[in-house]
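Student: Just so it is clear, I am handing over entry00.cif, which has mmCIF, C-alpha atoms and all ligand atoms.
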```cif
data_upload
loop_
_atom_site.label_atom_id
_atom_site.label_comp_id
_atom_site.auth_asym_id
_atom_site.auth_seq_id
_atom_site.Cartn_x
_atom_site.Cartn_y
_atom_site.Cartn_z
CA MET A 143 -19.91 -0.45 6.98
CA PHE A 144 -17.93 -3.10 8.87
CA SER A 145 -19.50 -5.37 11.41
CA LYS A 146 -18.63 -8.84 12.61
CA GLU A 147 -22.27 -9.90 12.08
CA ARG A 148 -22.11 -8.81 8.43
CA LEU A 149 -18.95 -10.92 7.95
CA LEU A 150 -20.43 -13.94 9.70
CA LYS A 151 -23.58 -13.90 7.55
CA ASP A 152 -21.54 -15.57 4.79
CA ILE A 153 -19.81 -18.12 7.02
CA GLY A 154 -21.80 -20.93 5.40
CA LYS A 155 -20.25 -20.08 2.02
CA CYS A 156 -16.65 -20.43 3.26
CA GLN A 157 -14.77 -23.37 1.81
CA PRO A 158 -13.72 -25.87 4.48
CA PHE A 159 -9.95 -25.50 4.21
CA SER A 160 -8.05 -27.57 6.73
CA GLY A 161 -6.72 -25.60 9.71
CA ILE A 162 -8.49 -22.29 8.85
CA ASP A 163 -11.29 -21.21 11.19
CA PRO A 164 -13.45 -18.53 9.47
CA GLU A 165 -15.22 -17.55 12.68
CA GLU A 166 -11.94 -16.84 14.46
CA LEU A 167 -10.76 -14.82 11.44
CA ALA A 168 -13.93 -12.70 11.63
CA GLU A 169 -13.49 -12.22 15.37
CA LYS A 170 -9.88 -11.12 15.08
CA LEU A 171 -10.66 -8.70 12.23
CA ALA A 172 -13.49 -7.26 14.34
CA ALA A 173 -11.18 -6.91 17.36
CA LEU A 174 -8.69 -4.88 15.30
CA VAL A 175 -11.45 -2.64 13.92
CA GLU A 176 -12.35 -1.64 17.48
CA ILE A 177 -8.91 -0.04 17.89
CA GLY A 178 -8.99 3.44 16.37
CA LYS A 179 -12.64 3.19 15.33
CA THR A 180 -14.06 6.56 14.22
CA ASP A 181 -17.59 7.90 14.68
CA LYS A 182 -17.86 7.90 10.87
CA GLY A 183 -17.65 4.12 10.84
CA GLY A 184 -14.03 3.83 9.73
CA VAL A 185 -10.67 3.32 11.38
CA THR A 186 -7.86 5.81 12.03
CA ARG A 187 -4.66 4.15 13.17
CA PHE A 188 -1.64 6.33 12.54
CA PRO A 189 1.92 5.16 13.22
CA TYR A 190 3.42 5.82 16.67
CA THR A 191 0.07 6.53 18.30
CA ASP A 192 -1.72 4.79 21.18
CA GLU A 193 -4.09 3.14 18.69
CA GLU A 194 -1.28 1.64 16.65
CA LYS A 195 0.52 0.56 19.82
CA LYS A 196 -2.64 -1.21 21.05
CA ALA A 197 -3.22 -2.95 17.72
CA LYS A 198 0.39 -4.14 17.63
CA HIS A 199 0.21 -5.30 21.25
CA LEU A 200 -2.89 -7.37 20.50
CA PHE A 201 -1.29 -8.80 17.37
CA LYS A 202 1.90 -9.71 19.26
CA ASN A 203 -0.24 -11.63 21.77
CA TRP A 204 -1.90 -13.53 18.93
CA MET A 205 1.47 -14.43 17.42
CA GLU A 206 2.64 -15.71 20.80
CA GLU A 207 -0.57 -17.76 21.24
CA VAL A 208 0.12 -19.45 17.90
CA GLY A 209 3.62 -20.28 19.14
CA LEU A 210 5.76 -17.82 17.21
CA GLN A 211 8.92 -16.23 18.62
CA VAL A 212 8.06 -12.54 18.69
CA ARG A 213 10.41 -9.56 18.49
CA GLU A 214 10.20 -5.89 17.58
CA ASP A 215 12.97 -3.94 15.84
CA ALA A 216 14.31 -0.45 16.61
CA VAL A 217 11.65 1.32 14.53
CA GLY A 218 8.60 -0.77 15.46
CA ASN A 219 8.39 -3.45 12.76
CA ILE A 220 7.22 -6.61 14.53
CA PHE A 221 8.20 -10.17 13.62
CA GLY A 222 6.89 -13.60 14.60
CA ARG A 223 9.04 -16.55 13.65
CA LEU A 224 8.14 -20.16 13.06
CA GLU A 225 11.41 -22.04 13.11
CA GLY A 226 12.03 -24.38 10.20
CA GLU A 227 14.06 -27.59 10.24
CA GLU A 228 17.02 -25.71 8.79
CA PRO A 229 17.06 -22.43 10.73
CA ASP A 230 20.18 -21.12 9.00
CA LEU A 231 18.51 -20.94 5.60
CA PRO A 232 17.10 -17.58 4.39
CA VAL A 233 13.56 -17.15 5.72
CA VAL A 234 10.25 -16.89 3.92
CA LEU A 235 8.73 -13.59 4.99
CA THR A 236 5.01 -12.77 4.92
CA GLY A 237 2.91 -9.95 6.30
CA SER A 238 1.41 -6.51 5.83
CA HIS A 239 0.64 -3.44 7.96
CA LEU A 240 -1.71 -2.35 10.76
CA ASP A 241 -1.64 1.43 10.23
CA SER A 242 -4.40 3.11 8.25
CA VAL A 243 -5.34 6.21 6.30
CA PRO A 244 -7.64 8.71 8.07
CA ASN A 245 -11.07 7.10 8.50
CA GLY A 246 -9.93 4.10 6.46
CA GLY A 247 -11.39 0.63 6.10
CA ALA A 248 -11.15 -2.56 8.12
CA PHE A 249 -9.29 -4.72 5.59
CA ASP A 250 -6.43 -2.71 4.07
CA GLY A 251 -3.44 -4.03 6.00
CA PRO A 252 -5.09 -5.97 8.85
CA LEU A 253 -6.41 -8.64 6.46
CA GLY A 254 -2.86 -9.19 5.19
CA CYS A 255 -1.44 -9.49 8.71
CA LEU A 256 -4.22 -11.88 9.77
CA SER A 257 -3.89 -13.92 6.56
CA SER A 258 -0.23 -14.49 7.40
CA LEU A 259 -1.11 -15.38 11.00
CA PHE A 260 -3.84 -17.83 9.98
CA ALA A 261 -1.74 -19.37 7.19
CA ILE A 262 1.12 -20.03 9.62
CA LYS A 263 -1.29 -21.33 12.28
CA SER A 264 -2.76 -23.71 9.73
CA ILE A 265 0.71 -25.00 8.80
CA ILE A 266 1.37 -25.64 12.50
CA ASP A 267 -2.04 -27.22 13.19
CA ASN A 268 -1.77 -29.48 10.14
CA GLY A 269 1.61 -30.66 11.44
CA GLN A 270 3.29 -29.78 8.12
CA SER A 271 7.06 -29.81 8.22
CA ILE A 272 8.95 -26.86 6.79
CA LYS A 273 12.61 -26.62 5.90
CA ARG A 274 12.97 -22.82 5.97
CA SER A 275 11.72 -20.69 8.83
CA ILE A 276 8.67 -18.58 8.10
CA GLU A 277 8.53 -15.09 9.57
CA LEU A 278 5.45 -12.96 9.89
CA VAL A 279 6.15 -9.23 9.66
CA VAL A 280 3.93 -6.28 10.53
CA PHE A 281 5.51 -3.23 8.91
CA VAL A 282 5.21 0.12 10.64
CA ASP A 283 3.87 3.16 8.73
CA GLU A 284 2.95 1.73 5.34
CA GLU A 285 0.34 4.34 4.46
CA GLY A 286 2.42 7.44 5.20
CA SER A 287 -0.72 9.16 6.51
CA ARG A 288 0.92 10.90 9.43
CA PHE A 289 4.41 11.86 8.25
CA LYS A 290 3.81 11.72 4.47
CA ASN A 291 6.53 9.11 4.43
CA GLY A 292 4.95 5.84 3.29
CA ILE A 293 6.25 2.26 3.08
CA PHE A 294 8.57 3.40 5.87
CA GLY A 295 9.07 0.19 7.88
CA SER A 296 9.97 -1.90 4.85
CA ARG A 297 12.36 0.76 3.56
CA VAL A 298 14.12 0.84 6.94
CA MET A 299 14.33 -2.95 6.93
CA MET A 300 15.95 -2.96 3.49
CA GLY A 301 18.44 -0.24 4.51
CA GLU A 302 16.97 2.59 2.41
CA VAL A 303 16.55 5.14 5.22
CA GLU A 304 19.26 7.19 6.96
CA VAL A 305 18.92 8.43 10.57
CA SER A 306 19.44 12.00 9.35
CA GLU A 307 16.25 11.79 7.22
CA LEU A 308 14.10 11.22 10.30
CA THR A 309 14.22 14.89 11.22
CA ASP A 310 12.89 15.88 7.77
CA PHE A 311 9.40 14.57 8.41
CA GLN A 312 6.76 16.24 10.59
CA ASP A 313 3.13 15.48 11.26
CA GLU A 314 0.35 18.08 11.15
CA ASN A 315 1.08 19.14 14.72
CA GLY A 316 4.72 19.80 13.91
CA GLU A 317 5.92 16.67 15.71
CA VAL A 318 9.14 15.45 14.14
CA LEU A 319 9.35 11.77 13.19
CA TYR A 320 12.65 11.28 15.02
CA ASP A 321 11.26 12.69 18.30
CA THR A 322 7.97 10.85 17.92
CA MET A 323 9.82 7.55 17.58
CA LYS A 324 11.91 8.29 20.67
CA ASN A 325 8.85 9.31 22.70
CA SER A 326 7.15 6.07 21.67
CA GLY A 327 10.00 4.06 23.14
CA TYR A 328 11.86 3.24 19.91
CA ASP A 329 15.46 3.92 19.11
CA PRO A 330 15.85 5.89 15.89
CA ASP A 331 19.61 6.16 16.42
CA LYS A 332 19.78 2.39 16.07
CA LEU A 333 18.03 2.43 12.70
CA ASP A 334 20.84 0.28 11.29
CA SER A 335 19.98 -2.54 13.66
CA ALA A 336 16.60 -2.87 11.91
CA HIS A 337 18.32 -3.47 8.57
CA ARG A 338 18.19 -7.01 7.23
CA PRO A 339 20.53 -8.04 4.45
CA SER A 340 18.57 -9.24 1.43
CA ASN A 341 20.26 -12.65 1.52
CA ASP A 342 18.51 -13.19 4.89
CA ILE A 343 15.19 -13.34 3.04
CA TYR A 344 14.29 -16.05 0.55
CA ALA A 345 10.98 -14.55 -0.60
CA PHE A 346 8.18 -12.24 0.55
CA LEU A 347 4.42 -12.75 0.14
CA GLU A 348 1.58 -10.40 1.06
CA VAL A 349 -2.18 -10.90 0.94
CA HIS A 350 -4.06 -7.66 0.26
CA ILE A 351 -7.48 -6.48 -0.83
CA GLU A 352 -7.51 -5.52 -4.51
CA GLN A 353 -8.77 -1.94 -3.93
CA GLY A 354 -10.22 -2.09 -7.45
CA LYS A 355 -13.04 -3.82 -9.33
CA LYS A 356 -11.25 -6.22 -11.67
CA LEU A 357 -11.72 -9.42 -9.62
CA GLU A 358 -15.35 -8.58 -8.94
CA THR A 359 -16.07 -7.79 -12.59
CA GLU A 360 -14.35 -10.94 -13.85
CA GLN A 361 -15.81 -12.99 -10.96
CA LYS A 362 -12.46 -14.45 -9.99
CA ASN A 363 -11.44 -15.56 -6.48
CA ILE A 364 -7.77 -14.61 -6.46
CA GLY A 365 -5.68 -11.94 -8.13
CA VAL A 366 -2.12 -12.98 -8.97
CA VAL A 367 -0.34 -9.64 -8.98
CA SER A 368 1.88 -9.22 -12.03
CA GLY A 369 3.62 -6.02 -10.98
CA ILE A 370 3.29 -2.99 -8.72
CA ALA A 371 3.00 0.31 -10.51
CA GLY A 372 5.58 2.82 -9.37
CA PRO A 373 4.32 6.35 -8.74
CA ALA A 374 6.01 9.46 -10.14
CA ILE A 375 5.01 12.80 -8.63
CA ILE A 376 5.59 16.08 -10.49
CA LEU A 377 4.73 19.61 -9.37
CA PHE A 378 3.68 22.00 -12.17
CA THR A 379 3.46 25.72 -11.30
CA PHE A 380 1.79 27.95 -13.88
CA ILE A 381 2.77 31.59 -13.46
CA GLY A 382 0.77 34.41 -15.03
CA GLN A 383 -0.59 37.68 -13.82
CA THR A 384 -2.79 38.49 -10.82
CA ASP A 385 -5.48 40.97 -11.94
CA HIS A 386 -8.96 42.20 -11.13
CA ALA A 387 -11.69 39.83 -12.34
CA GLY A 388 -13.94 42.77 -13.20
CA ASN A 389 -11.62 45.27 -14.82
CA THR A 390 -9.35 43.02 -16.91
CA PRO A 391 -10.62 42.37 -20.47
CA MET A 392 -10.70 38.69 -21.53
CA GLU A 393 -8.02 39.17 -24.21
CA SER A 394 -5.41 40.64 -21.87
CA ARG A 395 -5.51 38.05 -19.10
CA LYS A 396 -2.81 35.69 -17.97
CA ASP A 397 -5.12 33.30 -16.10
CA THR A 398 -3.27 30.35 -14.60
CA VAL A 399 -6.42 28.48 -13.49
CA ALA A 400 -7.62 28.30 -17.10
CA ALA A 401 -4.17 27.02 -18.16
CA ALA A 402 -4.18 24.42 -15.38
CA ALA A 403 -7.67 23.32 -16.39
CA GLU A 404 -6.56 22.83 -20.00
CA PHE A 405 -3.55 20.86 -18.81
CA ILE A 406 -5.55 18.67 -16.41
CA LEU A 407 -7.80 17.56 -19.29
CA GLU A 408 -4.64 16.54 -21.21
CA VAL A 409 -3.45 14.60 -18.14
CA GLU A 410 -6.74 12.70 -18.18
CA LYS A 411 -6.32 11.74 -21.85
CA ALA A 412 -2.60 10.93 -21.74
CA PRO A 413 -2.37 7.41 -20.19
CA ARG A 414 -4.27 5.70 -23.03
CA LYS A 415 -1.74 7.04 -25.49
CA PHE A 416 1.10 5.17 -23.78
CA SER A 417 -0.08 1.89 -22.27
CA LYS A 418 -3.09 -0.09 -21.12
CA THR A 419 -1.96 -0.02 -17.50
CA ALA A 420 -0.85 3.62 -17.12
CA VAL A 421 -2.88 6.03 -14.98
CA ALA A 422 -2.44 9.75 -14.31
CA THR A 423 -4.22 11.92 -11.77
CA VAL A 424 -4.33 15.49 -10.56
CA GLY A 425 -5.81 15.30 -7.08
CA LYS A 426 -4.14 18.31 -5.51
CA MET A 427 -4.13 21.92 -6.64
CA HIS A 428 -3.37 25.29 -5.07
CA VAL A 429 -4.65 28.53 -6.55
CA TYR A 430 -3.03 31.86 -5.58
CA PRO A 431 -4.31 34.13 -4.21
CA ASN A 432 -7.53 32.05 -4.33
CA GLY A 433 -10.01 34.93 -4.34
CA THR A 434 -13.44 35.09 -5.98
CA ASN A 435 -12.77 38.36 -7.79
CA VAL A 436 -9.10 37.81 -8.58
CA ILE A 437 -7.56 36.28 -11.70
CA ALA A 438 -5.10 33.77 -10.25
CA GLY A 439 -1.50 34.72 -11.01
CA LYS A 440 -0.17 31.37 -9.86
CA THR A 441 -1.58 27.84 -9.85
CA GLU A 442 0.21 24.75 -8.63
CA ILE A 443 -0.94 21.29 -9.54
CA VAL A 444 0.47 17.97 -8.44
CA LEU A 445 0.57 15.14 -10.96
CA ASP A 446 0.57 11.50 -9.83
CA ALA A 447 1.45 9.18 -12.72
CA ARG A 448 1.84 5.40 -12.44
CA ASP A 449 2.46 2.35 -14.55
CA VAL A 450 3.91 -1.13 -14.20
CA ASP A 451 5.70 -0.40 -17.48
CA GLU A 452 8.45 2.01 -16.52
CA GLN A 453 9.36 2.99 -20.08
CA ALA A 454 5.75 3.84 -20.91
CA ARG A 455 5.51 5.89 -17.72
CA GLU A 456 8.69 7.81 -18.61
CA GLU A 457 7.43 8.54 -22.13
CA MET A 458 4.14 9.77 -20.70
CA LEU A 459 5.97 12.09 -18.27
CA VAL A 460 8.05 13.61 -21.08
CA TYR A 461 4.88 14.13 -23.13
CA LEU A 462 3.05 15.78 -20.21
CA LYS A 463 5.96 18.11 -19.48
CA GLU A 464 6.03 19.19 -23.14
CA THR A 465 2.25 19.61 -23.12
CA ALA A 466 2.42 21.87 -20.04
CA GLU A 467 5.11 24.00 -21.74
CA LYS A 468 2.99 24.27 -24.92
CA ILE A 469 -0.13 25.29 -23.02
CA ALA A 470 1.80 27.88 -21.02
CA LYS A 471 3.41 29.30 -24.17
CA SER A 472 0.12 29.56 -26.07
CA ARG A 473 -1.31 31.56 -23.16
CA GLN A 474 1.85 33.66 -22.69
CA LEU A 475 2.45 32.20 -19.24
CA THR A 476 5.40 30.35 -17.82
CA VAL A 477 5.42 26.97 -16.16
CA GLU A 478 7.91 25.66 -13.63
CA ILE A 479 8.25 21.89 -13.46
CA GLN A 480 9.68 20.18 -10.41
CA ASP A 481 10.22 16.43 -10.21
CA GLY A 482 9.12 14.87 -6.90
CA LEU A 483 9.14 11.31 -5.61
CA LYS A 484 9.76 8.70 -8.29
CA ILE A 485 9.62 4.98 -7.59
CA SER A 486 10.38 2.29 -10.13
CA PRO A 487 7.66 -0.28 -10.72
CA VAL A 488 8.29 -3.77 -9.43
CA ILE A 489 7.77 -6.77 -11.66
CA ILE A 490 6.76 -9.97 -9.86
CA PRO A 491 9.01 -12.91 -10.87
CA ASP A 492 7.31 -15.62 -12.98
CA LYS A 493 8.29 -18.23 -10.42
CA ILE A 494 6.35 -16.50 -7.63
CA LYS A 495 3.31 -15.95 -9.87
CA THR A 496 3.34 -19.64 -10.80
CA ILE A 497 3.52 -20.72 -7.15
CA ILE A 498 0.51 -18.52 -6.30
CA SER A 499 -1.49 -19.67 -9.35
CA ASN A 500 -0.78 -23.33 -8.56
CA ALA A 501 -1.72 -22.78 -4.91
CA ALA A 502 -5.08 -21.39 -6.05
CA GLU A 503 -5.57 -24.23 -8.51
CA VAL A 504 -5.00 -26.99 -5.96
CA SER A 505 -7.48 -25.14 -3.72
CA ARG A 506 -10.03 -25.10 -6.61
CA LEU A 507 -10.05 -21.32 -6.77
CA THR A 508 -10.15 -19.21 -9.94
CA THR A 509 -7.41 -16.66 -10.66
CA MET A 510 -6.55 -13.76 -12.89
CA SER A 511 -3.36 -11.82 -13.41
CA LEU A 512 -3.55 -8.11 -12.61
CA PRO A 513 -1.21 -5.22 -11.79
CA SER A 514 -1.37 -3.28 -8.53
CA GLY A 515 -1.87 0.44 -9.05
CA ALA A 516 -1.32 1.16 -5.36
CA ALA A 517 2.02 1.04 -3.58
CA HIS A 518 2.67 -1.69 -1.01
CA ASP A 519 5.58 -2.85 1.14
CA ALA A 520 6.06 -5.59 -1.49
CA MET A 521 7.24 -2.79 -3.76
CA THR A 522 10.23 -2.19 -1.47
CA LEU A 523 10.91 -5.89 -0.86
CA GLY A 524 10.51 -6.68 -4.56
CA LYS A 525 13.60 -4.63 -5.39
CA TYR A 526 15.77 -7.00 -3.40
CA VAL A 527 14.08 -10.38 -3.01
CA PRO A 528 11.51 -12.39 -5.02
CA SER A 529 8.19 -10.95 -3.83
CA GLY A 530 4.57 -11.60 -4.65
CA MET A 531 1.10 -10.40 -3.80
CA ILE A 532 -2.18 -12.28 -3.52
CA PHE A 533 -5.24 -10.06 -4.09
CA VAL A 534 -8.74 -10.83 -2.85
CA PRO A 535 -11.86 -9.04 -4.19
CA SER A 536 -12.98 -5.64 -2.91
CA LEU A 537 -16.75 -5.05 -2.99
CA ASN A 538 -17.44 -2.31 -5.58
CA GLY A 539 -13.69 -1.67 -5.64
CA LYS A 540 -14.02 0.53 -2.53
CA SER A 541 -10.96 1.15 -0.36
CA HIS A 542 -9.49 3.75 2.01
CA SER A 543 -13.02 4.37 3.26
CA PRO A 544 -15.45 2.85 5.77
CA GLU A 545 -17.19 1.18 2.80
CA GLU A 546 -14.17 -1.10 2.23
CA TRP A 547 -15.47 -4.67 2.23
CA THR A 548 -14.27 -8.19 1.43
CA SER A 549 -16.55 -11.13 2.18
CA LEU A 550 -15.50 -13.78 4.69
CA PRO A 551 -15.27 -16.54 2.01
CA ASP A 552 -12.91 -14.30 0.00
CA CYS A 553 -10.81 -13.61 3.11
CA VAL A 554 -10.58 -17.35 3.80
CA ASN A 555 -9.57 -18.04 0.17
CA GLY A 556 -6.69 -15.58 0.54
CA VAL A 557 -5.44 -17.35 3.67
CA GLN A 558 -5.61 -20.71 1.92
CA VAL A 559 -3.65 -19.59 -1.16
CA LEU A 560 -1.05 -17.92 1.05
CA LYS A 561 -0.72 -21.07 3.16
CA GLU A 562 -0.17 -23.29 0.10
CA SER A 563 2.32 -20.81 -1.39
CA LEU A 564 4.26 -20.45 1.86
CA THR A 565 4.48 -24.21 2.22
CA VAL A 566 6.01 -24.54 -1.25
CA LEU A 567 8.52 -21.72 -0.71
CA ALA A 568 9.47 -22.89 2.79
CA ASN A 569 10.36 -26.34 1.47
CA GLU A 570 12.45 -25.21 -1.51
ZN ZN A 601 -2.36 -1.64 2.42
#
```
Starting from the coordinates I provided, produce the structure as structure tokens.
Ligand SMILES: [Zn+2]
Tutor:
Amino acid sequence: MFSKERLLKDIGKCQPFSGIDPEELAEKLAALVEIGKTDKGGVTRFPYTDEEKKAKHLFKNWMEEVGLQVREDAVGNIFGRLEGEEPDLPVVLTGSHLDSVPNGGAFDGPLGCLSSLFAIKSIIDNGQSIKRSIELVVFVDEEGSRFKNGIFGSRVMMGEVEVSELTDFQDENGEVLYDTMKNSGYDPDKLDSAHRPSNDIYAFLEVHIEQGKKLETEQKNIGVVSGIAGPAIILFTFIGQTDHAGNTPMESRKDTVAAAAEFILEVEKAPRKFSKTAVATVGKMHVYPNGTNVIAGKTEIVLDARDVDEQAREEMLVYLKETAEKIAKSRQLTVEIQDGLKISPVIIPDKIKTIISNAAEVSRLTTMSLPSGAAHDAMTLGKYVPSGMIFVPSLNGKSHSPEEWTSLPDCVNGVQVLKESLTVLANE
């Protein structure tokens, strides 16, 4: 579980990078953890809540203390700008998010925001000149935990969201996103004012915890993200016959749970047939009527399939749809297949990967290339502007839980690589 003391235990192992104060980084991380802290040891900070407002307020103060010009847009994305020598040039953007999943960890999001803050502070303190302005951004509602509407702030910024969509999303209490934004003092009707043309932005960089075990296993300091896997969601509904579990002979059943089970095992085997990076998961399932002594006449399962290789992902989806049909047919059931959200994977440009790798090398840090299986705001930005991600190790690969942990030396390494990379991009 997170504590400032646990972070500070490793302070002696932090590399002495110029302009980066590990103790202050630990203190600021700890201060953010206090906001929305749960009794289970995690953090719950949903968008447009008092907790999120407090965290953003604190972060705005920190940006001002560093000397950045701070502003907030119509939906609650916040920006802190360090003016470059040529303010009219497209800016280098860097940042992450401060919202969390329910009872999430201390590092997912906040570490990215703080890395950007500390990298910019170090550029200022070292008196380095920059040609392009650097802007720190804290995106609102990255996780989608409250309105099931993730990477929201970045999609608004890139002009992907219409005002009319804001009434489509409700939280668990039936509060509509549009109204919630208004009640929080934002102006959803001015959504367009939050849009930034892509030629305003030269590049985007985000530091994030890996949320996997690759860096730890390979004992590398820095992950140079090669691409962000796009998720595809598909709803499969098996339809059979609801019957009595006692009186219906085995040979005359149309059991949709058994069909779903057979299909789920095929889902588990499928990714390896198509690519090394593909993954497929069934994490959500509804059984109807869901009774102990009833053969289920209807079972819905939700498939989440991802890959950085879009073609491989598409081939896997076709295969899984055919497999579901075959299983249904062999059991004399039917299956309805409904496509849900589908996001294209983002490939990180070679140039950005090289800048990050070189930044690590000059800082004497080891690197490896790896894809991101999870979605991030960089996935939205990456569609329009050269975008990159710098991963730091996650202890035991844990994330979205109170066990999420990244050591202080690893946090400091991320700041350093970001700082070097930003400096290069800002002077291009
Ligand atoms: Zn995140």
Student: Could you tell me, counting all atoms listed in the file, which protein and nucleic acid residues lie no more than 7 Å from ligand ZN 601 (chain A), written as a VMD selection string?
Tutor: chain A and resid 239 250 to 251 284 to 285 350 518
Student: Quick one, how far is CA of Glu360 in chain A from CA of Pro535 in chain A?
Tutor: 10.2 Å
Student: With all atoms listed in the file as the basis for distance, which of A:Pro413, A:Pro431, A:Pro487, A:Gly226 is at the shortest distance from Gly515 in chain A?
Tutor: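 Of A:Pro413, A:Pro431, A:Pro487, A:Gly226, the one nearest Gly515 in chain A, counting all atoms listed in the file, is A:Pro487.
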Student: In terms of the shortest atom-to-atom distance over all atoms listed in the file, which of A:Val217, A:Ala422, A:Ile494, A:Met300 is closest to Ile343 in chain A?
Tutor: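 Once distances to Ile343 in chain A are computed over all atoms listed in the file, the minimum belongs to A:Met300.
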Student: Mind dumping a table of every range 474-543 of chain A residue within 9 Å of range 367-387 of chain A, with the nearest atom pair and its distance in Å to one decimal, using only C-alpha atoms, sorted by chain and rising number, as a Markdown table?
Tutor:
```
| residue | atom | partner | partner_atom | distance |
| --- | --- | --- | --- | --- |
| A:Gln474 | CA | A:Gly382 | CA | 7.8 |
| A:Leu475 | CA | A:Gly382 | CA | 5.0 |
| A:Thr476 | CA | A:Ile381 | CA | 5.2 |
| A:Val477 | CA | A:Phe380 | CA | 4.4 |
| A:Glu478 | CA | A:Thr379 | CA | 5.0 |
| A:Ile479 | CA | A:Phe378 | CA | 4.7 |
| A:Gln480 | CA | A:Leu377 | CA | 5.1 |
| A:Asp481 | CA | A:Ile376 | CA | 4.7 |
| A:Gly482 | CA | A:Ile375 | CA | 4.9 |
| A:Leu483 | CA | A:Ile375 | CA | 5.3 |
| A:Lys484 | CA | A:Ala374 | CA | 4.3 |
| A:Ile485 | CA | A:Gly372 | CA | 4.9 |
| A:Ser486 | CA | A:Gly372 | CA | 4.9 |
| A:Pro487 | CA | A:Gly372 | CA | 4.0 |
| A:Val488 | CA | A:Ile370 | CA | 5.1 |
| A:Ile489 | CA | A:Gly369 | CA | 4.3 |
| A:Ile490 | CA | A:Gly369 | CA | 5.2 |
| A:Pro491 | CA | A:Ser368 | CA | 8.1 |
| A:Asp492 | CA | A:Ser368 | CA | 8.4 |
| A:Lys495 | CA | A:Ser368 | CA | 7.2 |
| A:Met510 | CA | A:Val367 | CA | 8.4 |
| A:Ser511 | CA | A:Val367 | CA | 5.8 |
| A:Leu512 | CA | A:Val367 | CA | 5.1 |
| A:Pro513 | CA | A:Gly369 | CA | 5.0 |
| A:Ser514 | CA | A:Ile370 | CA | 4.7 |
| A:Gly515 | CA | A:Ala371 | CA | 5.1 |
| A:Ala516 | CA | A:Ala371 | CA | 6.8 |
| A:Ala517 | CA | A:Ile370 | CA | 6.7 |
| A:His518 | CA | A:Ile370 | CA | 7.8 |
| A:Ala520 | CA | A:Ile370 | CA | 8.2 |
| A:Met521 | CA | A:Ile370 | CA | 6.3 |
| A:Gly530 | CA | A:Val367 | CA | 6.8 |
| A:Met531 | CA | A:Val367 | CA | 5.4 |
| A:Ile532 | CA | A:Val367 | CA | 6.3 |
| A:Phe533 | CA | A:Val367 | CA | 6.9 |
```
Student: In the coordinates of the file, take the point (7.6, -15.8, 1.4) and a cut-off of 8 Å; then, counting only C-alpha atoms, name each qualifying protein, DNA or RNA residue as JSON, numbers by chain.
Tutor: {"A": [233, 234, 235, 236, 276, 344, 345, 346, 347, 529, 530, 563, 564, 567, 568]}
Student: Between A:Gly184, A:Gly301, A:Gly254, A:Gly295, which residue has the minimum interatomic distance to Gly237 in chain A, considering only C-alpha atoms?
Tutor: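 Of A:Gly184, A:Gly301, A:Gly254, A:Gly295, the one nearest Gly237 in chain A is A:Gly254, counting only C-alpha atoms.
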Student: When distances are computed from only C-alpha atoms, which of A:Val298, A:Asn538, A:Ile497, A:Glu165 shows the smallest separation from Lys356 in chain A?
Tutor: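 Of the candidates, the smallest distance to Lys356 in chain A is held by A:Asn538.
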Student: Suppose you want the space between CA of Asp321 in chain A and CA of Thr186 in chain A; what is it in Å?
Tutor: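 Here the two named atoms are 21.3 Å from each other.
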Student: How close does each residue of range 419-480 of chain A get to range 389-403 of chain A, giving the shortest atom pair and distance in Å to one decimal for every residue with an atom at most 10 Å away, counting all atoms listed in the file, sorted by chain and residue number, as a Markdown table?
Tutor:
```
| residue | atom | partner | partner_atom | distance |
| --- | --- | --- | --- | --- |
| A:Met427 | CA | A:Ala402 | CA | 9.1 |
| A:His428 | CA | A:Val399 | CA | 9.5 |
| A:Val429 | CA | A:Val399 | CA | 7.2 |
| A:Tyr430 | CA | A:Thr398 | CA | 9.1 |
| A:Asn432 | CA | A:Val399 | CA | 9.9 |
| A:Asn435 | CA | A:Asn389 | CA | 9.9 |
| A:Val436 | CA | A:Asp397 | CA | 9.6 |
| A:Ile437 | CA | A:Asp397 | CA | 5.8 |
| A:Ala438 | CA | A:Thr398 | CA | 5.8 |
| A:Gly439 | CA | A:Thr398 | CA | 5.9 |
| A:Lys440 | CA | A:Thr398 | CA | 5.8 |
| A:Thr441 | CA | A:Thr398 | CA | 5.6 |
| A:Glu442 | CA | A:Ala402 | CA | 8.1 |
| A:Ile443 | CA | A:Ala402 | CA | 7.4 |
| A:Ala466 | CA | A:Ala402 | CA | 8.5 |
| A:Ile469 | CA | A:Ala401 | CA | 6.6 |
| A:Ala470 | CA | A:Ala401 | CA | 6.7 |
| A:Lys471 | CA | A:Ala401 | CA | 9.9 |
| A:Ser472 | CA | A:Ala401 | CA | 9.4 |
| A:Arg473 | CA | A:Lys396 | CA | 6.8 |
| A:Gln474 | CA | A:Lys396 | CA | 6.9 |
| A:Leu475 | CA | A:Lys396 | CA | 6.4 |
| A:Thr476 | CA | A:Thr398 | CA | 9.2 |
| A:Val477 | CA | A:Thr398 | CA | 9.5 |
```
Student: Considering only C-alpha atoms, return as a list in words whatever protein or nucleic-acid residues lie within 10 Å of Asp241 in chain A, sequence-local ones (same chain, fewer than 6 positions apart) excluded.
Tutor: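 Residues meeting the cut-off are Gly178, Val185, Thr186, Arg187, Phe188, Pro189, Tyr190, Thr191, Glu193, Glu194, Lys195, Ala197, Lys198, Asp250, Gly251, Pro252, Val280, Phe281, Val282, Asp283, Glu284, Glu285, Gly286, Ser287 and Arg288 of chain A.
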